[in-house]
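Structure below is input15.pdb: PDB, C-alpha atoms.
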MODEL        1
ATOM      1  CA  MET A 250      23.890  33.230  -7.078  1.00  0.00           C
ATOM      2  CA  ILE A 251      24.504  31.248  -3.919  1.00  0.00           C
ATOM      3  CA  ARG A 252      21.192  32.434  -2.556  1.00  0.00           C
ATOM      4  CA  ALA A 253      19.431  31.341  -5.770  1.00  0.00           C
ATOM      5  CA  CYS A 254      21.009  27.888  -5.492  1.00  0.00           C
ATOM      6  CA  LEU A 255      19.923  27.521  -1.885  1.00  0.00           C
ATOM      7  CA  GLN A 256      16.377  28.401  -2.771  1.00  0.00           C
ATOM      8  CA  MET A 257      16.150  25.827  -5.550  1.00  0.00           C
ATOM      9  CA  ALA A 258      14.089  22.791  -4.775  1.00  0.00           C
ATOM     10  CA  ASP A 259      16.109  19.678  -4.076  1.00  0.00           C
ATOM     11  CA  ILE A 260      15.508  17.254  -6.947  1.00  0.00           C
ATOM     12  CA  ARG A 261      16.440  13.620  -7.297  1.00  0.00           C
ATOM     13  CA  ALA A 262      15.568  11.459 -10.290  1.00  0.00           C
ATOM     14  CA  ILE A 263      15.776   7.806 -11.275  1.00  0.00           C
ATOM     15  CA  ARG A 264      15.033   5.761 -14.404  1.00  0.00           C
ATOM     16  CA  ILE A 265      13.681   2.267 -13.800  1.00  0.00           C
ATOM     17  CA  PRO A 266      11.995  -0.505 -15.824  1.00  0.00           C
ATOM     18  CA  ALA A 267       8.274  -1.077 -15.139  1.00  0.00           C
ATOM     19  CA  THR A 268       8.968  -4.412 -13.453  1.00  0.00           C
ATOM     20  CA  ALA A 269       9.047  -5.813  -9.923  1.00  0.00           C
ATOM     21  CA  ALA A 270      12.817  -5.178  -9.816  1.00  0.00           C
ATOM     22  CA  GLY A 271      12.296  -1.613 -11.043  1.00  0.00           C
ATOM     23  CA  LEU A 272       9.670  -1.047  -8.359  1.00  0.00           C
ATOM     24  CA  LEU A 273      12.184  -2.107  -5.684  1.00  0.00           C
ATOM     25  CA  GLN A 274      14.821   0.252  -7.079  1.00  0.00           C
ATOM     26  CA  GLY A 275      12.366   3.133  -7.221  1.00  0.00           C
ATOM     27  CA  ARG A 276      11.152   2.421  -3.715  1.00  0.00           C
ATOM     28  CA  GLU A 277      14.719   2.466  -2.381  1.00  0.00           C
ATOM     29  CA  ALA A 278      15.433   5.742  -4.167  1.00  0.00           C
ATOM     30  CA  LEU A 279      12.322   7.312  -2.652  1.00  0.00           C
ATOM     31  CA  GLU A 280      13.211   6.004   0.823  1.00  0.00           C
ATOM     32  CA  ARG A 281      16.698   7.493   0.495  1.00  0.00           C
ATOM     33  CA  PHE A 282      15.234  10.793  -0.665  1.00  0.00           C
ATOM     34  CA  CYS A 283      12.784  10.882   2.273  1.00  0.00           C
ATOM     35  CA  ALA A 284      15.585  10.097   4.746  1.00  0.00           C
ATOM     36  CA  GLU A 285      17.974  12.671   3.288  1.00  0.00           C
ATOM     37  CA  GLU A 286      15.264  15.320   3.301  1.00  0.00           C
ATOM     38  CA  GLY A 287      14.379  14.490   6.900  1.00  0.00           C
ATOM     39  CA  LEU A 288      10.682  13.994   6.133  1.00  0.00           C
ATOM     40  CA  LYS A 289       8.368  12.979   8.978  1.00  0.00           C
ATOM     41  CA  PRO A 290       7.459   9.254   9.268  1.00  0.00           C
ATOM     42  CA  ASP A 291       3.815  10.065   8.473  1.00  0.00           C
ATOM     43  CA  ASP A 292       4.781  11.793   5.215  1.00  0.00           C
ATOM     44  CA  ARG A 293       7.226   9.021   4.349  1.00  0.00           C
ATOM     45  CA  TRP A 294       4.839   6.120   4.429  1.00  0.00           C
ATOM     46  CA  ARG A 295       2.149   8.102   2.630  1.00  0.00           C
ATOM     47  CA  LEU A 296       4.561   8.948  -0.193  1.00  0.00           C
ATOM     48  CA  GLN A 297       5.829   5.388  -0.310  1.00  0.00           C
ATOM     49  CA  VAL A 298       2.368   3.824  -0.545  1.00  0.00           C
ATOM     50  CA  ALA A 299       1.319   6.340  -3.229  1.00  0.00           C
ATOM     51  CA  PHE A 300       4.503   5.715  -5.257  1.00  0.00           C
ATOM     52  CA  ASP A 301       4.120   1.952  -4.837  1.00  0.00           C
ATOM     53  CA  GLU A 302       0.520   2.043  -6.087  1.00  0.00           C
ATOM     54  CA  ILE A 303       1.258   4.176  -9.165  1.00  0.00           C
ATOM     55  CA  VAL A 304       4.360   2.218 -10.219  1.00  0.00           C
ATOM     56  CA  SER A 305       2.647  -1.164  -9.588  1.00  0.00           C
ATOM     57  CA  ASN A 306      -0.247   0.022 -11.739  1.00  0.00           C
ATOM     58  CA  ILE A 307       2.082   0.972 -14.573  1.00  0.00           C
ATOM     59  CA  ALA A 308       3.862  -2.372 -14.325  1.00  0.00           C
ATOM     60  CA  ARG A 309       0.525  -4.203 -14.405  1.00  0.00           C
ATOM     61  CA  HIS A 310      -1.247  -2.229 -17.122  1.00  0.00           C
ATOM     62  CA  ALA A 311       1.479  -0.972 -19.408  1.00  0.00           C
ATOM     63  CA  ALA A 312       4.227  -3.540 -19.369  1.00  0.00           C
ATOM     64  CA  ARG A 313       2.228  -6.440 -20.777  1.00  0.00           C
ATOM     65  CA  GLN A 314       3.152  -5.679 -24.379  1.00  0.00           C
ATOM     66  CA  ARG A 315       6.740  -4.459 -24.322  1.00  0.00           C
ATOM     67  CA  GLN A 316       9.301  -3.025 -21.995  1.00  0.00           C
ATOM     68  CA  VAL A 317       8.109   0.207 -20.458  1.00  0.00           C
ATOM     69  CA  ASP A 318      10.499   2.637 -18.818  1.00  0.00           C
ATOM     70  CA  ILE A 319       9.610   4.832 -15.886  1.00  0.00           C
ATOM     71  CA  HIS A 320      11.269   8.089 -15.003  1.00  0.00           C
ATOM     72  CA  ALA A 321      10.617   9.287 -11.458  1.00  0.00           C
ATOM     73  CA  ALA A 322      11.647  12.664 -10.036  1.00  0.00           C
ATOM     74  CA  PHE A 323      11.392  13.659  -6.376  1.00  0.00           C
ATOM     75  CA  ARG A 324      11.342  17.306  -5.313  1.00  0.00           C
ATOM     76  CA  HIS A 325      11.176  18.944  -1.908  1.00  0.00           C
ATOM     77  CA  ASP A 326      11.092  22.704  -1.446  1.00  0.00           C
ATOM     78  CA  GLY A 327      10.641  22.723   2.316  1.00  0.00           C
ATOM     79  CA  ALA A 328       6.854  22.953   2.263  1.00  0.00           C
ATOM     80  CA  THR A 329       5.859  20.521  -0.461  1.00  0.00           C
ATOM     81  CA  VAL A 330       7.054  17.213  -1.817  1.00  0.00           C
ATOM     82  CA  GLN A 331       6.324  16.499  -5.458  1.00  0.00           C
ATOM     83  CA  VAL A 332       6.817  13.129  -7.103  1.00  0.00           C
ATOM     84  CA  ASP A 333       6.564  12.977 -10.900  1.00  0.00           C
ATOM     85  CA  ILE A 334       6.199   9.497 -12.363  1.00  0.00           C
ATOM     86  CA  GLU A 335       6.449   9.350 -16.160  1.00  0.00           C
ATOM     87  CA  ASP A 336       6.203   6.249 -18.329  1.00  0.00           C
ATOM     88  CA  ASP A 337       6.431   5.627 -22.061  1.00  0.00           C
ATOM     89  CA  GLY A 338       3.668   2.997 -22.104  1.00  0.00           C
ATOM     90  CA  PRO A 339       0.304   3.298 -23.919  1.00  0.00           C
ATOM     91  CA  PRO A 340      -2.021   6.083 -22.713  1.00  0.00           C
ATOM     92  CA  PHE A 341      -3.366   5.137 -19.289  1.00  0.00           C
ATOM     93  CA  ASP A 342      -5.093   7.535 -16.927  1.00  0.00           C
ATOM     94  CA  PRO A 343      -5.205   5.893 -13.477  1.00  0.00           C
ATOM     95  CA  LEU A 344      -7.528   8.637 -12.225  1.00  0.00           C
ATOM     96  CA  ALA A 345     -10.207   7.644 -14.750  1.00  0.00           C
ATOM     97  CA  GLN A 346     -10.896   4.416 -12.837  1.00  0.00           C
ATOM     98  CA  ARG A 347     -14.209   4.142 -11.062  1.00  0.00           C
ATOM     99  CA  ALA A 348     -13.865   4.557  -7.306  1.00  0.00           C
ATOM    100  CA  PRO A 349     -14.770   1.446  -5.323  1.00  0.00           C
ATOM    101  CA  ASN A 350     -17.708   1.515  -2.935  1.00  0.00           C
ATOM    102  CA  ILE A 351     -15.993   1.592   0.439  1.00  0.00           C
ATOM    103  CA  THR A 352     -19.189   1.421   2.463  1.00  0.00           C
ATOM    104  CA  ALA A 353     -20.551  -1.786   0.914  1.00  0.00           C
ATOM    105  CA  PRO A 354     -20.917  -4.871   3.124  1.00  0.00           C
ATOM    106  CA  LEU A 355     -18.196  -7.529   2.934  1.00  0.00           C
ATOM    107  CA  GLN A 356     -19.946  -9.800   0.441  1.00  0.00           C
ATOM    108  CA  GLU A 357     -20.240  -6.934  -2.085  1.00  0.00           C
ATOM    109  CA  ARG A 358     -16.669  -5.713  -1.751  1.00  0.00           C
ATOM    110  CA  VAL A 359     -14.291  -6.200  -4.660  1.00  0.00           C
ATOM    111  CA  PRO A 360     -10.575  -5.457  -4.397  1.00  0.00           C
ATOM    112  CA  GLY A 361     -10.235  -3.452  -7.630  1.00  0.00           C
ATOM    113  CA  GLY A 362      -9.590   0.286  -7.562  1.00  0.00           C
ATOM    114  CA  LEU A 363      -8.410   0.426  -3.955  1.00  0.00           C
ATOM    115  CA  GLY A 364      -4.877   1.481  -4.905  1.00  0.00           C
ATOM    116  CA  ILE A 365      -5.814   4.658  -6.749  1.00  0.00           C
ATOM    117  CA  MET A 366      -8.410   5.509  -4.127  1.00  0.00           C
ATOM    118  CA  LEU A 367      -5.665   5.267  -1.478  1.00  0.00           C
ATOM    119  CA  VAL A 368      -3.333   7.481  -3.518  1.00  0.00           C
ATOM    120  CA  ARG A 369      -6.009  10.175  -3.790  1.00  0.00           C
ATOM    121  CA  GLN A 370      -6.535  10.158  -0.042  1.00  0.00           C
ATOM    122  CA  LEU A 371      -2.897   9.888   1.023  1.00  0.00           C
ATOM    123  CA  MET A 372      -1.771  12.801  -1.157  1.00  0.00           C
ATOM    124  CA  ASP A 373      -2.948  16.416  -1.175  1.00  0.00           C
ATOM    125  CA  ARG A 374      -3.119  16.457  -4.978  1.00  0.00           C
ATOM    126  CA  VAL A 375      -2.866  13.836  -7.730  1.00  0.00           C
ATOM    127  CA  GLU A 376      -2.729  14.870 -11.377  1.00  0.00           C
ATOM    128  CA  TYR A 377      -2.466  12.987 -14.657  1.00  0.00           C
ATOM    129  CA  ARG A 378      -1.537  14.350 -18.053  1.00  0.00           C
ATOM    130  CA  ARG A 379      -0.497  12.831 -21.352  1.00  0.00           C
ATOM    131  CA  GLU A 380       2.366  14.482 -23.223  1.00  0.00           C
ATOM    132  CA  GLY A 381       3.522  11.672 -25.471  1.00  0.00           C
ATOM    133  CA  ARG A 382       4.105   9.886 -22.160  1.00  0.00           C
ATOM    134  CA  ASN A 383       1.896   9.250 -19.143  1.00  0.00           C
ATOM    135  CA  ILE A 384       2.734  11.709 -16.392  1.00  0.00           C
ATOM    136  CA  VAL A 385       1.387  11.349 -12.854  1.00  0.00           C
ATOM    137  CA  ARG A 386       2.242  14.066 -10.351  1.00  0.00           C
ATOM    138  CA  LEU A 387       1.811  13.407  -6.625  1.00  0.00           C
ATOM    139  CA  THR A 388       1.858  16.401  -4.298  1.00  0.00           C
ATOM    140  CA  ARG A 389       2.065  16.279  -0.528  1.00  0.00           C
ATOM    141  CA  HIS A 390       2.309  19.319   1.754  1.00  0.00           C
ATOM    142  CA  VAL A 391       4.802  18.485   4.487  1.00  0.00           C
TER
ATOM    143  CA  MET B 118       8.898 -10.161   5.713  1.00  0.00           C
ATOM    144  CA  THR B 119       8.446 -12.997   8.192  1.00  0.00           C
ATOM    145  CA  ILE B 120       5.334 -14.844   9.287  1.00  0.00           C
ATOM    146  CA  GLU B 121       5.167 -16.956  12.434  1.00  0.00           C
ATOM    147  CA  GLU B 122       2.373 -19.389  13.144  1.00  0.00           C
ATOM    148  CA  SER B 123       1.233 -20.572  16.536  1.00  0.00           C
ATOM    149  CA  GLN B 124      -1.691 -22.489  17.928  1.00  0.00           C
ATOM    150  CA  HIS B 125      -3.624 -21.533  21.078  1.00  0.00           C
ATOM    151  CA  GLY B 126      -6.114 -24.310  21.712  1.00  0.00           C
ATOM    152  CA  SER B 127      -8.459 -24.162  18.726  1.00  0.00           C
ATOM    153  CA  VAL B 128      -7.285 -20.669  17.751  1.00  0.00           C
ATOM    154  CA  ALA B 129      -4.586 -20.297  15.088  1.00  0.00           C
ATOM    155  CA  ALA B 130      -2.473 -17.147  15.262  1.00  0.00           C
ATOM    156  CA  LEU B 131      -0.261 -15.657  12.593  1.00  0.00           C
ATOM    157  CA  THR B 132       2.239 -12.925  13.394  1.00  0.00           C
ATOM    158  CA  VAL B 133       3.314 -10.934  10.379  1.00  0.00           C
ATOM    159  CA  ALA B 134       6.408  -8.719  10.456  1.00  0.00           C
ATOM    160  CA  GLY B 135       7.611  -6.378   7.736  1.00  0.00           C
ATOM    161  CA  ARG B 136       5.960  -4.604   4.807  1.00  0.00           C
ATOM    162  CA  ILE B 137       2.898  -5.928   3.027  1.00  0.00           C
ATOM    163  CA  ASP B 138       3.181  -4.574  -0.501  1.00  0.00           C
ATOM    164  CA  THR B 139       3.027  -5.753  -4.111  1.00  0.00           C
ATOM    165  CA  THR B 140       6.231  -7.741  -3.636  1.00  0.00           C
ATOM    166  CA  THR B 141       5.418  -9.463  -0.344  1.00  0.00           C
ATOM    167  CA  ALA B 142       1.607  -9.792  -0.563  1.00  0.00           C
ATOM    168  CA  PRO B 143       1.765 -13.156  -2.409  1.00  0.00           C
ATOM    169  CA  HIS B 144       3.872 -14.567   0.448  1.00  0.00           C
ATOM    170  CA  VAL B 145       1.356 -13.340   3.046  1.00  0.00           C
ATOM    171  CA  GLU B 146      -1.509 -14.707   0.950  1.00  0.00           C
ATOM    172  CA  GLN B 147       0.148 -18.139   0.856  1.00  0.00           C
ATOM    173  CA  SER B 148       0.662 -18.250   4.617  1.00  0.00           C
ATOM    174  CA  LEU B 149      -2.860 -17.082   5.355  1.00  0.00           C
ATOM    175  CA  GLY B 150      -4.145 -19.560   2.782  1.00  0.00           C
ATOM    176  CA  ARG B 151      -2.281 -22.394   4.497  1.00  0.00           C
ATOM    177  CA  ALA B 152      -3.770 -21.426   7.855  1.00  0.00           C
ATOM    178  CA  PHE B 153      -7.229 -21.284   6.255  1.00  0.00           C
ATOM    179  CA  ASP B 154      -6.761 -24.629   4.492  1.00  0.00           C
ATOM    180  CA  SER B 155      -5.854 -26.277   7.793  1.00  0.00           C
ATOM    181  CA  GLY B 156      -9.561 -25.903   8.556  1.00  0.00           C
ATOM    182  CA  THR B 157      -9.327 -23.464  11.448  1.00  0.00           C
ATOM    183  CA  HIS B 158     -12.502 -21.647  12.415  1.00  0.00           C
ATOM    184  CA  ASP B 159     -10.786 -19.124  14.653  1.00  0.00           C
ATOM    185  CA  LEU B 160      -7.903 -17.096  13.307  1.00  0.00           C
ATOM    186  CA  VAL B 161      -5.929 -14.205  14.788  1.00  0.00           C
ATOM    187  CA  VAL B 162      -3.619 -12.141  12.596  1.00  0.00           C
ATOM    188  CA  ASP B 163      -1.174 -10.038  14.610  1.00  0.00           C
ATOM    189  CA  LEU B 164      -0.079  -6.996  12.582  1.00  0.00           C
ATOM    190  CA  GLY B 165       1.886  -5.337  15.394  1.00  0.00           C
ATOM    191  CA  ARG B 166       5.135  -5.502  13.450  1.00  0.00           C
ATOM    192  CA  VAL B 167       3.719  -4.418  10.089  1.00  0.00           C
ATOM    193  CA  ASP B 168       4.405  -0.748   9.518  1.00  0.00           C
ATOM    194  CA  TYR B 169       3.373  -0.588   5.882  1.00  0.00           C
ATOM    195  CA  ILE B 170       0.502  -1.940   3.818  1.00  0.00           C
ATOM    196  CA  SER B 171      -0.563  -1.095   0.273  1.00  0.00           C
ATOM    197  CA  SER B 172      -3.660  -2.092  -1.705  1.00  0.00           C
ATOM    198  CA  ALA B 173      -1.997  -5.418  -2.586  1.00  0.00           C
ATOM    199  CA  GLY B 174      -2.083  -6.222   1.147  1.00  0.00           C
ATOM    200  CA  LEU B 175      -5.661  -4.982   1.559  1.00  0.00           C
ATOM    201  CA  ARG B 176      -6.709  -7.360  -1.189  1.00  0.00           C
ATOM    202  CA  VAL B 177      -5.218 -10.327   0.711  1.00  0.00           C
ATOM    203  CA  PHE B 178      -7.193  -9.461   3.861  1.00  0.00           C
ATOM    204  CA  LEU B 179     -10.401  -8.863   1.910  1.00  0.00           C
ATOM    205  CA  VAL B 180     -10.133 -12.316   0.322  1.00  0.00           C
ATOM    206  CA  LEU B 181      -9.380 -13.922   3.702  1.00  0.00           C
ATOM    207  CA  ALA B 182     -12.323 -12.152   5.365  1.00  0.00           C
ATOM    208  CA  LYS B 183     -14.692 -13.372   2.648  1.00  0.00           C
ATOM    209  CA  ARG B 184     -13.438 -16.965   2.941  1.00  0.00           C
ATOM    210  CA  MET B 185     -13.704 -16.926   6.735  1.00  0.00           C
ATOM    211  CA  ARG B 186     -17.236 -15.510   6.476  1.00  0.00           C
ATOM    212  CA  GLU B 187     -18.245 -18.296   4.081  1.00  0.00           C
ATOM    213  CA  ARG B 188     -16.889 -20.841   6.536  1.00  0.00           C
ATOM    214  CA  GLN B 189     -18.708 -19.038   9.350  1.00  0.00           C
ATOM    215  CA  GLY B 190     -15.357 -18.763  11.071  1.00  0.00           C
ATOM    216  CA  ARG B 191     -14.020 -15.906  13.134  1.00  0.00           C
ATOM    217  CA  LEU B 192     -11.148 -13.673  12.095  1.00  0.00           C
ATOM    218  CA  VAL B 193      -9.624 -11.116  14.465  1.00  0.00           C
ATOM    219  CA  LEU B 194      -6.874  -8.671  13.517  1.00  0.00           C
ATOM    220  CA  CYS B 195      -4.801  -7.141  16.295  1.00  0.00           C
ATOM    221  CA  SER B 196      -2.155  -4.594  17.229  1.00  0.00           C
ATOM    222  CA  LEU B 197      -2.539  -2.456  14.101  1.00  0.00           C
ATOM    223  CA  THR B 198       0.203   0.155  13.770  1.00  0.00           C
ATOM    224  CA  GLU B 199      -0.834   3.690  12.861  1.00  0.00           C
ATOM    225  CA  PRO B 200      -0.034   3.484   9.114  1.00  0.00           C
ATOM    226  CA  VAL B 201      -1.875   0.160   8.814  1.00  0.00           C
ATOM    227  CA  ARG B 202      -4.864   1.419  10.793  1.00  0.00           C
ATOM    228  CA  GLN B 203      -5.047   4.534   8.614  1.00  0.00           C
ATOM    229  CA  VAL B 204      -4.896   2.572   5.355  1.00  0.00           C
ATOM    230  CA  PHE B 205      -7.638   0.207   6.611  1.00  0.00           C
ATOM    231  CA  ASP B 206      -9.681   3.245   7.591  1.00  0.00           C
ATOM    232  CA  LEU B 207      -9.217   5.064   4.245  1.00  0.00           C
ATOM    233  CA  ALA B 208     -10.264   1.922   2.380  1.00  0.00           C
ATOM    234  CA  GLY B 209     -13.362   1.532   4.554  1.00  0.00           C
ATOM    235  CA  PHE B 210     -12.014  -1.773   5.856  1.00  0.00           C
ATOM    236  CA  LEU B 211     -12.325  -1.193   9.607  1.00  0.00           C
ATOM    237  CA  PRO B 212     -16.063  -2.054   9.741  1.00  0.00           C
ATOM    238  CA  LEU B 213     -15.358  -5.329   7.908  1.00  0.00           C
ATOM    239  CA  PHE B 214     -12.973  -6.709  10.535  1.00  0.00           C
ATOM    240  CA  ALA B 215     -12.939  -7.479  14.217  1.00  0.00           C
ATOM    241  CA  VAL B 216      -9.952  -5.486  15.451  1.00  0.00           C
ATOM    242  CA  GLU B 217      -8.380  -5.701  18.911  1.00  0.00           C
ATOM    243  CA  PRO B 218      -5.644  -3.499  20.380  1.00  0.00           C
ATOM    244  CA  SER B 219      -3.495  -6.413  21.565  1.00  0.00           C
ATOM    245  CA  ARG B 220      -2.826 -10.038  20.819  1.00  0.00           C
ATOM    246  CA  ALA B 221      -4.042 -11.022  24.288  1.00  0.00           C
ATOM    247  CA  ALA B 222      -7.339  -9.207  23.668  1.00  0.00           C
ATOM    248  CA  ALA B 223      -7.691 -10.890  20.261  1.00  0.00           C
ATOM    249  CA  LEU B 224      -7.113 -14.356  21.729  1.00  0.00           C
ATOM    250  CA  ALA B 225      -9.448 -13.616  24.634  1.00  0.00           C
ATOM    251  CA  ARG B 226     -12.149 -12.548  22.163  1.00  0.00           C
ATOM    252  CA  LEU B 227     -11.961 -16.013  20.626  1.00  0.00           C
ATOM    253  CA  GLY B 228     -11.905 -17.735  24.002  1.00  0.00           C
ATOM    254  CA  ALA B 229      -8.204 -18.638  24.003  1.00  0.00           C
ATOM    255  CA  THR B 230      -5.459 -17.625  26.410  1.00  0.00           C
ATOM    256  CA  VAL B 231      -1.998 -16.323  25.553  1.00  0.00           C
TER
ENDMDL
END

What would you get if you wrote out this structure as structure tokens?
Amino acid sequence: MIRACLQMADIRAIRIPATAAGLLQGREALERFCAEEGLKPDDRWRLQVAFDEIVSNIARHAARQRQVDIHAAFRHDGATVQVDIEDDGPPFDPLAQRAPNITAPLQERVPGGLGIMLVRQLMDRVEYRREGRNIVRLTRHV
Amino acid sequence: MTIEESQHGSVAALTVAGRIDTTTAPHVEQSLGRAFDSGTHDLVVDLGRVDYISSAGLRVFLVLAKRMRERQGRLVLCSLTEPVRQVFDLAGFLPLFAVEPSRAAALARLGATV
């Protein structure tokens, strides 16, 4: 029994509103989790940027009509960190956005889409599914 | 998040410290905008004390680069920390900016001294 408990992934979860204040709360919770788990600085900032981008996106796209709640869960099993970000806003697949052209000259660059592109590159895996709620799962091998 | 401004001859320098994210990007945009509106043609932005930037921050620098290009001014970024350099790289931003390893090198590139 003790052995089984020790082998369980360490999970932390937080419920936050999809607002600027909620983003700050979520960010602090993730920073605490990263510190407590002793994650490397390189993994920390990657996870933080990815979390920041996904939650900011939800706040921007989903929270225009009504209050949207976000539930975030952080897991670390020693080899992998998983961050699940669920929201009860309208269906929105951030991965369906068109990737920006990152080789275009300055005058043709537009800022849109950079956030999701960063998330894809900073994480090892990014998944979206809709199960009555939007669920984004970020996976980083640490 | 703090931003310090200094003038080195005709070169304006801004030193940003802290995180540049969704929350702080508007503040950075305002400060950079003020420096731009002062009419400067040569601008150095020292990012040596910025250890975090998200796409909200990238957007601010993209807008500034476009405005400086239109003015035919010169913009040099310097002292990028590893996370900031990596985010610029992943976004394909490094070829769009003049980047120097130190503030002294950035000022020297624009003909100013420290």

(message) I need the chain B residues near chain A as a ChimeraX atom specification; criterion: at most 6 Å, counting only C-alpha atoms.
(response) /B:171-172,176,209

(request) Pull out every residue that the PyMOL selection byres ((chain A and resi 341) around 9) matches in the shown coordinates and put them as a ChimeraX atom specification. (result) /A:307,310-311,338-340,342-345,379,383

(request) Would you translate the PyMOL selection byres ((chain B and resi 130-136) around 7) into the concrete set of residues it matches in this file, as a VMD selection string? (result) chain B and resid 118 to 124 128 to 129 137 to 138 160 to 164 166 to 170

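Reported to one decimal place, the separation of CA of Gly156 in chain B from CA of Met185 in chain B is 10.1 Å.
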
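With only C-alpha atoms as the atoms that count, the minimum distance from Gly190 in chain B to the choices B:Ala215, B:Ala208, B:Ala142, B:Ala222 is reached by B:Ala215.
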
Taking the file as shown, what set of residues would the PyMOL selection byres ((chain B and resi 150) around 12) give back, as a CSV table (one decimal) with C-alpha atoms, in the frame of the given file?
chain,number,residue,atom,x,y,z
B,131,LEU,CA,-0.3,-15.7,12.6
B,142,ALA,CA,1.6,-9.8,-0.6
B,143,PRO,CA,1.8,-13.2,-2.4
B,144,HIS,CA,3.9,-14.6,0.4
B,145,VAL,CA,1.4,-13.3,3.0
B,146,GLU,CA,-1.5,-14.7,1.0
B,147,GLN,CA,0.1,-18.1,0.9
B,148,SER,CA,0.7,-18.2,4.6
B,149,LEU,CA,-2.9,-17.1,5.4
B,151,ARG,CA,-2.3,-22.4,4.5
B,152,ALA,CA,-3.8,-21.4,7.9
B,153,PHE,CA,-7.2,-21.3,6.3
B,154,ASP,CA,-6.8,-24.6,4.5
B,155,SER,CA,-5.9,-26.3,7.8
B,156,GLY,CA,-9.6,-25.9,8.6
B,157,THR,CA,-9.3,-23.5,11.4
B,160,LEU,CA,-7.9,-17.1,13.3
B,177,VAL,CA,-5.2,-10.3,0.7
B,178,PHE,CA,-7.2,-9.5,3.9
B,180,VAL,CA,-10.1,-12.3,0.3
B,181,LEU,CA,-9.4,-13.9,3.7
B,182,ALA,CA,-12.3,-12.2,5.4
B,184,ARG,CA,-13.4,-17.0,2.9
B,185,MET,CA,-13.7,-16.9,6.7

(request) Could you please determine the separation between CA of Ala308 in chain A and CA of Asp206 in chain B in Å, to one decimal place? (result) 26.4 Å

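Ranking B:Ala229, B:Leu179, B:Leu192, B:Ala221 by their shortest atom-to-atom distance to Phe205 in chain B, with only C-alpha atoms included, puts B:Leu179 first.
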
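Note that CA of Glu199 in chain B and CA of Ala278 in chain A are 23.6 Å apart.
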